[in-house]
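Asks: Please find target_10.cif (mmCIF, C-alpha atoms) on the next line:
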```cif
data_final
#
loop_
_atom_site.label_atom_id
_atom_site.label_comp_id
_atom_site.auth_asym_id
_atom_site.auth_seq_id
_atom_site.Cartn_x
_atom_site.Cartn_y
_atom_site.Cartn_z
CA MET A 158 140.65 -155.76 143.36
CA THR A 159 142.44 -153.19 145.51
CA GLU A 160 145.49 -154.37 147.41
CA ALA A 161 145.74 -154.27 151.20
CA PRO A 162 148.04 -151.56 152.59
CA LEU A 163 150.27 -154.26 154.11
CA ASP A 164 150.85 -155.79 150.66
CA LEU A 165 151.49 -152.37 149.16
CA ASP A 166 154.03 -151.68 151.91
CA ARG A 167 155.78 -154.97 151.15
CA GLN A 168 155.93 -154.22 147.44
CA ASP A 169 157.21 -150.70 148.01
CA ALA A 170 159.81 -151.92 150.51
CA LYS A 171 160.96 -154.45 147.92
CA ARG A 172 161.28 -151.68 145.31
CA LEU A 173 163.20 -149.49 147.71
CA ARG A 174 165.60 -152.35 148.48
CA LYS A 175 166.44 -152.41 144.79
CA GLY A 176 167.11 -148.67 144.86
CA ASP A 177 163.84 -147.74 143.16
CA LEU A 178 162.64 -144.53 144.81
CA THR A 179 159.05 -145.03 143.67
CA GLY A 180 158.99 -147.46 146.59
CA LEU A 181 159.86 -144.58 148.89
CA ASP A 182 157.11 -142.45 147.32
CA GLY A 183 154.56 -145.16 148.07
CA LEU A 184 155.68 -145.63 151.66
CA MET A 185 155.83 -141.89 152.32
CA GLY A 186 152.41 -141.39 150.78
CA ARG A 187 150.82 -143.88 153.15
CA HIS A 188 152.81 -143.21 156.34
CA ARG A 189 153.95 -139.58 156.29
CA ASP A 190 151.05 -138.27 158.36
CA ARG A 191 151.42 -140.75 161.18
CA LEU A 192 155.21 -140.38 161.32
CA PHE A 193 154.95 -136.60 161.39
CA ARG A 194 152.20 -136.68 164.03
CA TYR A 195 154.17 -139.07 166.22
CA LEU A 196 157.43 -137.10 165.95
CA ARG A 197 155.62 -133.80 166.52
CA ARG A 198 153.98 -135.10 169.67
CA LEU A 199 157.21 -136.62 170.92
CA LEU A 200 159.44 -133.63 170.15
CA GLY A 201 156.97 -130.79 170.59
CA ASP A 202 158.84 -128.52 168.16
CA GLU A 203 157.88 -127.97 164.53
CA THR A 204 161.37 -127.27 163.13
CA VAL A 205 163.03 -130.19 164.89
CA THR A 206 160.16 -132.43 163.83
CA GLU A 207 160.66 -131.51 160.16
CA ASP A 208 164.38 -132.19 160.44
CA LEU A 209 163.89 -135.57 162.07
CA PHE A 210 161.10 -136.44 159.65
CA GLN A 211 163.64 -136.08 156.83
CA GLN A 212 166.31 -137.97 158.74
CA THR A 213 163.90 -140.81 159.45
CA TRP A 214 163.12 -141.35 155.76
CA MET A 215 166.82 -141.18 154.92
CA ARG A 216 167.54 -143.83 157.49
CA VAL A 217 164.62 -145.94 156.27
CA THR A 218 166.09 -145.79 152.75
CA GLU A 219 169.54 -146.77 153.99
CA ARG A 220 168.35 -149.57 156.27
CA ILE A 221 165.40 -150.93 154.34
CA ARG A 222 167.21 -154.28 154.07
CA ARG A 223 166.80 -154.69 157.83
CA TYR A 224 163.03 -154.39 157.61
CA ASP A 225 161.29 -157.73 158.08
CA ALA A 226 158.63 -157.68 155.37
CA SER A 227 156.54 -160.29 157.18
CA ARG A 228 155.66 -157.63 159.76
CA PRO A 229 153.73 -154.37 159.35
CA PHE A 230 155.82 -151.46 158.14
CA ALA A 231 154.39 -148.71 160.38
CA PRO A 232 155.76 -149.92 163.74
CA TRP A 233 159.24 -150.36 162.19
CA LEU A 234 159.05 -146.87 160.71
CA LEU A 235 157.98 -145.40 164.05
CA THR A 236 160.82 -147.27 165.78
CA VAL A 237 163.35 -145.72 163.38
CA GLY A 238 161.86 -142.28 164.02
CA ARG A 239 161.72 -142.90 167.76
CA ASN A 240 165.40 -143.82 167.97
CA LEU A 241 166.37 -140.63 166.16
CA ALA A 242 164.02 -138.53 168.28
CA LEU A 243 165.30 -139.99 171.56
CA ASP A 244 168.90 -139.43 170.46
CA HIS A 245 168.00 -135.82 169.77
CA LEU A 246 166.22 -135.36 173.09
CA ARG A 247 169.07 -137.00 175.03
CA ARG A 248 171.55 -134.70 173.33
CA TYR A 249 169.70 -131.38 173.44
CA ARG A 250 166.86 -131.65 175.96
CA PRO A 251 167.63 -134.44 178.45
CA GLN A 252 165.23 -132.91 181.01
CA SER A 253 162.31 -133.51 178.65
CA LEU A 254 162.77 -137.26 179.08
CA ASP A 255 162.18 -137.10 182.84
CA GLU A 256 159.17 -139.08 183.97
CA GLY A 257 157.93 -136.17 186.07
CA PRO A 258 156.12 -136.40 189.39
CA GLU A 259 153.74 -139.20 190.18
CA PRO A 260 150.16 -138.31 189.32
CA ALA A 261 148.17 -136.87 192.21
CA ALA A 262 146.01 -139.24 194.22
CA PRO A 263 142.68 -139.86 192.50
CA ALA A 264 140.69 -138.07 195.19
CA ASP A 265 142.80 -134.91 194.83
CA ALA A 266 142.70 -134.96 191.09
CA ALA A 267 139.17 -135.89 190.36
CA GLY A 268 137.19 -135.31 193.53
CA ALA A 269 134.42 -132.89 192.66
CA ALA A 270 134.71 -133.12 188.89
CA PRO A 271 134.65 -136.63 187.46
CA ASP A 272 134.79 -135.30 183.92
CA PRO A 273 137.12 -132.33 183.59
CA LEU A 274 136.01 -131.80 180.02
CA ALA A 275 132.28 -131.97 180.59
CA HIS A 276 131.51 -128.25 180.83
CA LEU A 277 133.45 -127.04 177.83
CA THR A 278 132.46 -126.53 174.25
CA ALA A 279 133.98 -128.98 171.80
CA LYS A 280 136.42 -126.44 170.38
CA ARG A 281 137.52 -125.19 173.77
CA ARG A 282 137.91 -128.77 174.98
CA ARG A 283 140.19 -129.61 172.07
CA GLU A 284 142.29 -126.52 172.65
CA ARG A 285 142.72 -127.12 176.35
CA LEU A 286 143.40 -130.77 175.83
CA GLY A 287 146.00 -129.99 173.16
CA GLU A 288 147.67 -127.44 175.44
CA ALA A 289 147.70 -129.82 178.39
CA LEU A 290 149.07 -132.62 176.22
CA ALA A 291 151.84 -130.39 174.88
CA LYS A 292 152.96 -129.59 178.43
CA LEU A 293 153.44 -133.23 179.43
CA ALA A 294 156.86 -134.89 179.39
CA ALA A 295 157.96 -136.53 176.14
CA HIS A 296 157.41 -140.07 177.50
CA ASP A 297 153.83 -139.22 178.44
CA ARG A 298 153.07 -137.57 175.11
CA GLU A 299 154.55 -140.54 173.31
CA VAL A 300 152.52 -143.21 175.03
CA LEU A 301 149.29 -141.21 174.61
CA THR A 302 149.80 -140.52 170.91
CA LEU A 303 150.73 -144.14 170.22
CA ARG A 304 147.56 -145.37 171.88
CA PHE A 305 144.98 -142.75 170.98
CA GLU A 306 146.18 -141.26 167.70
CA GLU A 307 148.11 -144.14 166.13
CA GLU A 308 145.79 -146.69 167.75
CA LEU A 309 148.59 -149.16 168.35
CA SER A 310 147.86 -152.18 170.52
CA LEU A 311 149.69 -152.54 173.83
CA LYS A 312 151.73 -155.33 172.28
CA ASP A 313 152.86 -153.13 169.38
CA MET A 314 153.56 -150.28 171.76
CA ALA A 315 155.68 -152.58 173.93
CA ALA A 316 157.67 -153.69 170.89
CA LEU A 317 158.14 -150.14 169.67
CA MET A 318 159.13 -148.78 173.09
CA ASP A 319 161.27 -151.82 173.82
CA ALA A 320 159.55 -152.25 177.18
CA PRO A 321 157.60 -155.07 178.87
CA LEU A 322 153.81 -155.02 178.56
CA PRO A 323 153.11 -154.22 182.25
CA THR A 324 155.51 -151.27 182.04
CA VAL A 325 153.67 -149.91 179.01
CA LYS A 326 150.34 -150.31 180.82
CA ALA A 327 151.70 -148.46 183.84
CA ARG A 328 153.11 -145.70 181.64
CA LEU A 329 149.82 -145.32 179.85
CA TYR A 330 147.91 -145.01 183.12
CA ARG A 331 150.43 -142.52 184.55
CA ALA A 332 150.31 -140.41 181.40
CA LEU A 333 146.51 -140.34 181.46
CA ALA A 334 146.50 -139.49 185.16
CA ARG A 335 149.03 -136.68 184.69
CA LEU A 336 147.04 -135.28 181.80
CA ARG A 337 143.88 -135.37 183.85
CA THR A 338 145.57 -133.76 186.83
CA ARG A 339 146.91 -131.03 184.59
CA LEU A 340 143.47 -130.37 183.11
CA LEU A 341 142.00 -130.14 186.60
CA THR A 342 144.66 -128.04 188.21
CA GLN A 343 145.74 -125.72 185.41
CA GLY A 344 143.59 -123.23 183.61
CA PRO A 345 140.51 -121.49 185.01
CA ALA A 346 139.19 -123.52 187.91
CA GLU A 347 135.53 -122.91 186.99
CA GLU A 348 136.08 -124.66 183.68
CA TRP A 349 136.99 -127.86 185.50
CA THR A 350 134.81 -127.73 188.56
CA GLY A 351 131.56 -126.62 186.98
CA MET B 244 139.00 -145.28 195.50
CA SER B 245 142.21 -147.31 195.33
CA ARG B 246 144.87 -146.58 192.77
CA HIS B 247 144.39 -150.08 191.35
CA VAL B 248 140.71 -149.40 190.62
CA GLU B 249 141.58 -145.97 189.22
CA GLU B 250 144.15 -147.58 186.94
CA LEU B 251 141.66 -150.19 185.74
CA LEU B 252 139.13 -147.46 184.93
CA ALA B 253 141.71 -145.43 183.01
CA LEU B 254 142.88 -148.46 181.05
CA GLU B 255 139.28 -149.46 180.38
CA ALA B 256 138.72 -146.05 178.79
CA ALA B 257 141.91 -146.55 176.78
CA GLY B 258 140.54 -149.86 175.51
CA THR B 259 143.51 -151.87 176.72
CA LEU B 260 141.96 -154.29 179.21
CA SER B 261 141.81 -158.02 178.57
CA PRO B 262 138.27 -159.43 178.05
CA GLU B 263 138.33 -160.86 181.60
CA GLU B 264 139.35 -157.54 183.13
CA GLN B 265 136.80 -155.75 180.99
CA ALA B 266 134.02 -158.06 182.23
CA ARG B 267 135.06 -157.56 185.88
CA VAL B 268 135.10 -153.79 185.49
CA ALA B 269 131.71 -153.76 183.72
CA GLU B 270 130.20 -155.85 186.52
CA HIS B 271 131.62 -153.51 189.16
CA LEU B 272 130.42 -150.39 187.36
CA ARG B 273 126.85 -151.71 187.37
CA GLU B 274 126.91 -151.74 191.18
CA CYS B 275 129.16 -148.79 192.06
CA VAL B 276 127.88 -145.29 191.22
CA ALA B 277 131.09 -143.54 192.31
CA CYS B 278 133.22 -145.70 190.04
CA ALA B 279 130.73 -145.30 187.18
CA GLY B 280 131.14 -141.53 187.47
CA GLN B 281 134.90 -141.84 187.45
CA ALA B 282 134.75 -144.17 184.46
CA GLU B 283 132.73 -141.57 182.55
CA GLY B 284 135.46 -139.00 183.25
CA TRP B 285 138.20 -141.28 181.95
CA ARG B 286 136.14 -142.11 178.87
CA ALA B 287 135.59 -138.42 178.14
CA LEU B 288 139.33 -137.84 178.39
CA ALA B 289 140.10 -140.83 176.16
CA GLY B 290 137.46 -139.72 173.66
CA GLY B 291 138.94 -136.23 173.60
CA LEU B 292 142.37 -137.65 172.87
CA ARG B 293 141.03 -139.79 170.04
CA GLU B 294 139.33 -136.77 168.46
CA LEU B 295 142.26 -134.43 168.90
CA PRO B 296 143.26 -133.06 165.47
CA GLY B 297 146.77 -134.31 164.77
CA PRO B 298 149.52 -132.14 163.32
CA THR B 299 150.08 -132.73 159.60
CA PRO B 300 153.29 -132.32 157.58
CA PRO B 301 153.61 -128.82 156.07
CA SER B 302 153.35 -128.57 152.31
CA GLY B 303 156.66 -129.12 150.59
CA LEU B 304 158.17 -131.23 153.37
CA VAL B 305 157.62 -134.51 151.55
CA ALA B 306 159.16 -133.13 148.33
CA ARG B 307 162.14 -131.77 150.29
CA THR B 308 162.55 -135.13 151.98
CA ARG B 309 162.51 -136.91 148.62
CA GLU B 310 165.23 -134.57 147.32
CA ALA B 311 167.32 -135.04 150.45
CA VAL B 312 167.09 -138.83 150.11
CA GLU B 313 168.13 -138.63 146.45
CA ARG B 314 171.15 -136.48 147.37
CA ARG B 315 172.13 -138.86 150.14
CA LEU B 316 171.91 -141.87 147.81
CA ALA B 317 174.02 -140.10 145.17
CA GLU B 318 176.66 -139.24 147.80
CA ARG B 319 176.66 -142.80 149.02
CA GLU B 320 177.20 -144.08 145.49
CA ASP B 321 180.09 -141.66 145.04
CA ARG B 322 181.69 -142.78 148.28
CA ALA B 323 181.30 -146.43 147.34
CA TRP B 324 182.93 -145.80 143.97
CA ASN B 325 185.78 -143.87 145.61
CA ARG B 326 186.37 -146.66 148.09
CA ALA B 327 186.45 -149.27 145.31
CA ALA B 328 188.87 -147.15 143.23
CA LEU B 329 191.10 -146.57 146.23
CA GLY B 330 191.15 -150.27 147.09
CA PHE B 331 192.04 -151.16 143.54
CA LEU B 332 194.88 -148.61 143.44
CA VAL B 333 196.38 -149.83 146.69
CA VAL B 334 196.28 -153.48 145.61
CA PHE B 335 197.63 -152.56 142.19
CA GLY B 336 200.50 -150.53 143.70
CA TRP B 337 201.50 -153.26 146.11
CA THR B 338 201.35 -155.88 143.37
CA LEU B 339 203.65 -153.81 141.17
CA THR B 340 206.04 -153.35 144.07
CA GLY B 341 206.04 -157.06 144.81
CA VAL B 342 206.66 -157.92 141.18
CA ALA B 343 209.46 -155.32 141.03
CA TRP B 344 211.11 -156.97 144.04
CA PHE B 345 211.24 -160.37 142.35
CA LEU B 346 212.42 -158.86 139.06
CA LEU B 347 215.20 -156.97 140.83
CA GLU B 348 216.24 -160.07 142.75
CA LEU B 349 216.41 -161.93 139.45
CA VAL B 350 218.44 -159.19 137.69
CA LEU B 351 220.80 -158.69 140.63
CA GLY B 352 221.26 -162.44 140.86
CA GLU B 353 222.22 -162.53 137.18
CA LEU B 354 224.60 -159.59 137.65
CA ALA B 355 226.19 -161.18 140.72
CA ILE B 356 226.83 -164.35 138.75
CA ARG B 357 228.20 -162.37 135.76
CA PHE B 358 230.52 -160.10 137.77
CA ASP B 359 231.19 -162.64 140.47
CA ARG B 360 230.81 -160.18 143.35
CA PRO B 361 228.16 -159.90 146.12
CA LEU B 362 225.43 -157.30 145.68
CA GLY B 363 224.09 -157.51 149.28
CA PRO B 364 224.25 -153.76 150.14
CA THR B 365 222.45 -152.77 146.93
CA LEU B 366 219.75 -155.31 147.66
CA LEU B 367 219.40 -153.96 151.18
CA TRP B 368 218.97 -150.39 149.93
CA PHE B 369 216.37 -151.50 147.44
CA ALA B 370 214.52 -153.42 150.14
CA THR B 371 214.47 -150.27 152.29
CA TYR B 372 213.18 -148.29 149.31
CA LEU B 373 210.38 -150.80 148.74
CA ALA B 374 209.45 -150.92 152.42
CA ALA B 375 209.23 -147.11 152.49
CA GLY B 376 206.92 -147.28 149.46
CA TRP B 377 204.71 -149.86 151.18
CA VAL B 378 204.50 -147.84 154.40
CA ALA B 379 203.63 -144.65 152.44
CA ALA B 380 200.93 -146.48 150.45
CA GLY B 381 199.53 -148.04 153.63
CA ALA B 382 199.44 -144.67 155.42
CA ALA B 383 197.70 -143.09 152.45
CA ALA B 384 195.12 -145.86 152.43
CA VAL B 385 194.42 -145.43 156.15
CA LEU B 386 194.15 -141.64 155.87
CA LEU B 387 191.81 -141.82 152.89
CA GLY B 388 189.73 -144.46 154.63
CA ARG B 389 189.34 -142.23 157.70
CA ARG B 390 188.42 -139.26 155.55
CA SER B 391 185.81 -141.34 153.79
CA GLN B 392 184.35 -142.37 157.18
CA GLU B 393 184.26 -138.76 158.37
CA GLU B 394 182.47 -137.71 155.19
CA GLY B 395 180.00 -140.51 155.78
CA ARG B 396 179.32 -139.32 159.33
CA MET B 397 178.89 -135.69 158.25
CA ALA B 398 176.50 -136.57 155.43
#
```
Would you write the structure of this file as structure tokens?
Replies:
Amino acid sequence: MTEAPLDLDRQDAKRLRKGDLTGLDGLMGRHRDRLFRYLRRLLGDETVTEDLFQQTWMRVTERIRRYDASRPFAPWLLTVGRNLALDHLRRYRPQSLDEGPEPAAPADAAGAAPDPLAHLTAKRRRERLGEALAKLAAHDREVLTLRFEEELSLKDMAALMDAPLPTVKARLYRALARLRTRLLTQGPAEEWTG
Amino acid sequence: MSRHVEELLALEAAGTLSPEEQARVAEHLRECVACAGQAEGWRALAGGLRELPGPTPPSGLVARTREAVERRLAEREDRAWNRAALGFLVVFGWTLTGVAWFLLELVLGELAIRFDRPLGPTLLWFATYLAAGWVAAGAAAVLLGRRSQEEGRMA
């Protein structure tokens, strides 16, 4: 019988606590993609992401004793990575942590085009969406990647972001609204208005 | 359309509404064409985000990370060993000094009895000598400790 990922994480964390680096291999094998994706979205820069990816695993190895094995490993890992990423952003790019302007009023943003992606080919849609996402503030990119790429629940997101649930909900809405506004207002108008 | 409704539609597309909220929104969407259109827009956006290809770690990054972790662990072991050795040496040095003090007191006491003259000034000089040794050992311990901390921060 194959073991559940949660059990494998527990076993690997236990190995790592004892200094056995095969535990690290197991954890990295299962969680490297999501950590890299999350850091890349949050930081927006490939080189910095690689650096902080390494730092995150070093810190995980050093602080593995603090990990509560009764809980899933991924949110703890992302929290470690998040703390390092926010330290980096505060130090080198404090402006990237600004919330940015409030999203435009729904009528202004959506008005004539309820679906800003409707008239585009799949490839073009992905490209434009990726570009628009990359131009959002770090907080917005973070909340969107946690929900849509990492598929974390609001509760897990609140724990990871150390914020109350209603705040996370509001952030998620604002990030979606800003993304939508950006898609509607930037790029060729005919693509968004049909 | 109010911001509250807009927010509900966006969060519905994100799949984060409670079952009660979800039921209320579904009921409203059955009756309101404008909101149904808006909901479709939010769902398309959410769907696009879910399908967005995520960045993946470049080849070699995981191996480099593994090596970096190994190096860090080896450095940490070295530092721990150095700290233990330093602690032992400091304790050992102070113990020897303490023992020397009692031995000297004993010898000088014997000499004072034998020659029947006070040896106070000699004792005072020796006490100063010992105190200087203690202060030097303490300063060395503090300096080495700080250096070790700085190395730890730089690593």
Asks: Distance limit 7 Å, atoms considered: only C-alpha atoms. Which chain B residues sit that close to chain A? Return them as a PyMOL selection string.
Replies: chain B and resi 250+253-254+259+280-281+283-284+287+291-293+295+297-300+308+312
Asks: Could you jot down the atom CA of B:Arg357 to atom CA of B:Thr371 separation for me, Å, one decimal place?
Replies: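 Atom-to-atom, atom CA of B:Arg357 and atom CA of B:Thr371 are spaced 24.7 Å apart.
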Asks: Report, in Å to a single decimal, how far apart atom CA of A:Gly183 and atom CA of A:Asp169 are.
Replies: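 These atoms are spaced 6.1 Å apart.
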Asks: Which value, in Å to one decimal, gives the distance between atom CA of A:Arg298 and atom CA of A:Arg335?
Replies: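 Separation between atom CA of A:Arg298 and atom CA of A:Arg335: 10.4 Å.
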Asks: Within 10 Å of B:Leu251, counting all atoms listed in the file, which residues qualify if same-chain residues fewer than 2 places away don't, as a ChimeraX atom specification?
Replies: /A:326,330 /B:246-249,253-257,259-260,264-265,267-268,282
Asks: I'd like the contact shell of stretch 244-250 of chain A - 12 Å cut-off, all atoms listed in the file, skipping same-chain residues fewer than 6 positions apart - returned as an NGL selection string.
Replies: :A and (196 or 199-202 or 205-206 or 208-209 or 212 or 237-238 or 294-296)
Asks: Pick the closest to A:Ala316 from A:Arg228, A:Gly180, A:Arg222, A:Arg172: which is it, counting only C-alpha atoms?
Replies: A:Arg228
Asks: Name the residues in contact with A:Phe230 at a cut-off of 9 Å, using all atoms listed in the file, excluding same-chain residues fewer than 3 positions from it; report them as a list of chain:residue names.
Replies: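 The residues that qualify are A:Leu163, A:Asp166, A:Arg167, A:Ala170, A:Leu184, A:His188, A:Tyr224, A:Asp225, A:Ala226, A:Ser227, A:Trp233, A:Leu234, A:Leu235.
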Asks: Using only C-alpha atoms, which residue out of A:Leu317, A:Val300, A:Ala289, A:Ile221 lies closest to A:Leu341?
Replies: A:Ala289
